[in-house]
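K.L.:
Supplied in structure tokens, the structure appears directly below.
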Amino acid sequence: MKKNFTLLAFLLLSAITFAQIPTGYYNTATGTGLTLKTNLRKIIDNVNDAIPSEHLHVDQGYGALWTLYTHTAFRDNYYENDGSLLDMYSENPAGADPYIYANTSQQCGSYSGEGDCYNREHLIPQSYFDGFAVDPMKNDPFFVVPSDGKVNGDRNNLPFGKVGTATYTSQNGSKRGNGINTGYALGYSGVVFEPIDEFKGDIARAFFYFATRYETDLTSFYTSANATTCQAKNMFDGSTGRAFTNPFLDILVKWHTDDPVSAKEIAINNDIYYNHQSNRNPYIDHPEYVSIIWSSFLSNPSFAFENSISIYPNPAINNEVSISSETELKSIVLYNINGQIIQEIKNPTRVDNSYKLINLSSGFYLVQMASENGVATKKVIVN
């Protein structure tokens with residue numbers, strides 16, 4: 001069962017997260033839009049780009065994933081806290097899990113039903129890129145994750161999306177069915193696979209990592225021999241830039257926004273960097289990068305404004321934060337946790353599409369930002 005964290009615990013967790021990002025790791029993560037994405041790729045790829053913040057991805061091979069999955073970061077220290085494998089297809093955040101994987105003897109192997117064994121699931125299916133090459137993509141734990149073998153097989157190589165009427169549901173509520181083709185998922189009615197809400201953000205950030213780490217290969221993946229038969233190809237547009245088609249970009253950004261970075265993701269990010277392959281997922285360290293890079297490509301008008309805004313750094317540094325917005329803001333209102341207005345700025349000063357809030361007292365706040373045509377609210381922490 002999922003544990004309830006106090007505000008103090010949340011603040012401490014946030015402080016730990018920022019403390020474990022290596023000093024200077026993102027110094028060259030400059031620019032906005034696709035420029036920022038390319039600069040992030042140079043930090044995390046396996047090519048020496050002669051930049052000060054170079055952290056080369058060191059491929060450890062496919063077999064090493066089994067050992068990695070035994071590390072504490074990949075075990076359940078957040079729900080039942082029983083040290084079993086944390087599998088997004090068997091975890092029940094609201095109650096007892098339908099089954100658990102307690103030891104390595106449960107690796108697949110063969111299976112006929114849920115709970116028989118766990119395997120290595122490629123969230124971006126291997127069939128999408130294995131006509132091009134398999135290494136290091138086949139072995140990258142930022143999107144190759146431990147999961148129940150049966151559910152992984154039932155997902156097959158389907159795109160992730162929002163299901164309308166489910167034709168299949170796993171024991172923890174993950175489901176398969178035709179895309180709902182409405183709201184933020186408007187534009188696709190083919191068969192998709194939908195994980196439970198608890199892990200939607202995790203999957204979205206895995207896709208954003210893939211699109212960044214393998215940026216220069218995306219066109220080759222899209223045109224590779226086996227990609228044409230991979231149904232998840234519908235999520236990609238074949239470009240090295242925006243990478244994703246609509247509505248799948250809208251879906252991924254929505255999931256990223258609604259399911260923020262978790263303690264589990266932070267632990268895995270640090271473990272992979274310090275103990276496995278020496279690179280990081282930037283979108284776990286800096287969730288605001290998603291909107292800075294992809295907001296201009298969103299197709300759903302009601303969704304675009306909220307995700308065109310980012311607040312950084314979050315938690316605040318030196319009691320100030322910046323608000324990045326491509327749309328001019330008419331007001332910024334800061335509320336405390338009790339809903340009281342702490343600060344209200346009408347027609348705030350905008351410099352290079354950015355606004356500043358300074359001299360903030362320690363606390364947890366909601367920031368409401370309004371433009372001519374929309375209102376967005378985001379959380380901010382000041383340590």
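Residues in the structure tokens are numbered from 1 in each chain, the chains being A, B, ... in the order shown, and ligands are numbered from 1 in the order shown.
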If DSSP is run on the backbone, what residues of range 26-256 of chain A are helix (DSSP H, G or I)? A reply as a PyMOL selection string would be ideal.

P.N.:
chain A and resi 33-44+64-68+72-74+104-106+126-129+137-139+149-155+183-185+197-213+215-222+227-229+231-235+248-256

K.L.:
Could you build a table of the residues in range 127-217 of chain A lying no more than 10 Å from range 34-55 of chain A, giving for each the nearest pair of atoms and their separation in Å rounded to one decimal place, using only C-alpha atoms, ordered by chain and ascending residue number, as CSV?

P.N.:
residue,atom,partner,partner_atom,distance
A:Pro136,CA,A:Asn46,CA,9.4
A:Phe208,CA,A:Lys37,CA,9.6
A:Tyr209,CA,A:Arg41,CA,8.9
A:Phe210,CA,A:Arg41,CA,9.8
A:Ala211,CA,A:Lys37,CA,8.8
A:Thr212,CA,A:Arg41,CA,5.3
A:Arg213,CA,A:Arg41,CA,5.1
A:Tyr214,CA,A:Asp45,CA,7.5
A:Glu215,CA,A:Arg41,CA,7.0
A:Thr216,CA,A:Arg41,CA,8.9

K.L.:
Using only C-alpha atoms, which of the listed residues (A:Ile323, A:Leu85, A:Val380, A:Met369) sits closest to Val351 in chain A?

P.N.:
A:Ile323

K.L.:
For Ser310 in chain A, work out the shell of residues within 9 Å, counting only C-alpha atoms and skipping chain neighbours fewer than 6 positions away, then give it as a list in words.

P.N.:
Pro287, Glu288, Tyr289, Val290, Ser291, Ile292, Ser322, Ile323, Ser324, Ser325 and Lys378 of chain A

K.L.:
Check the smallest atom-to-atom distance from each of A:Gly149, A:Asp97, A:Arg176, A:Leu252 to Gly109 in chain A using only C-alpha atoms, then report the winner.

P.N.:
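That would be A:Gly149, the residue with the smallest distance to Gly109 in chain A.
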
K.L.:
Would you work out the distance separating CA of Gly201 in chain A from CA of Asp148 in chain A, expressed in Å to one decimal?

P.N.:
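CA of Gly201 in chain A sits 19.1 Å away from CA of Asp148 in chain A.
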
K.L.:
Which neighbours of range 115-119 of chain A fall inside 8 Å, counting only C-alpha atoms, when residues of the same chain fewer than 3 positions from it are skipped, and could you give them as a PyMOL selection string?

P.N.:
chain A and resi 99-101+106-112+146-150

K.L.:
For Phe248 in chain A, which of A:Tyr188, A:Trp66, A:Phe199, A:Phe221 is the closest residue, counting only C-alpha atoms?

P.N.:
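Checking each candidate against Phe248 in chain A, we get A:Tyr188 as the closest.
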
K.L.:
In terms of the shortest atom-to-atom distance over only C-alpha atoms, which of A:Gly161, A:Gly241, A:Gly173, A:Gly31 is closest to Pro98 in chain A?

P.N.:
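Going through A:Gly161, A:Gly241, A:Gly173, A:Gly31 one by one, the smallest distance to Pro98 in chain A is for A:Gly173.
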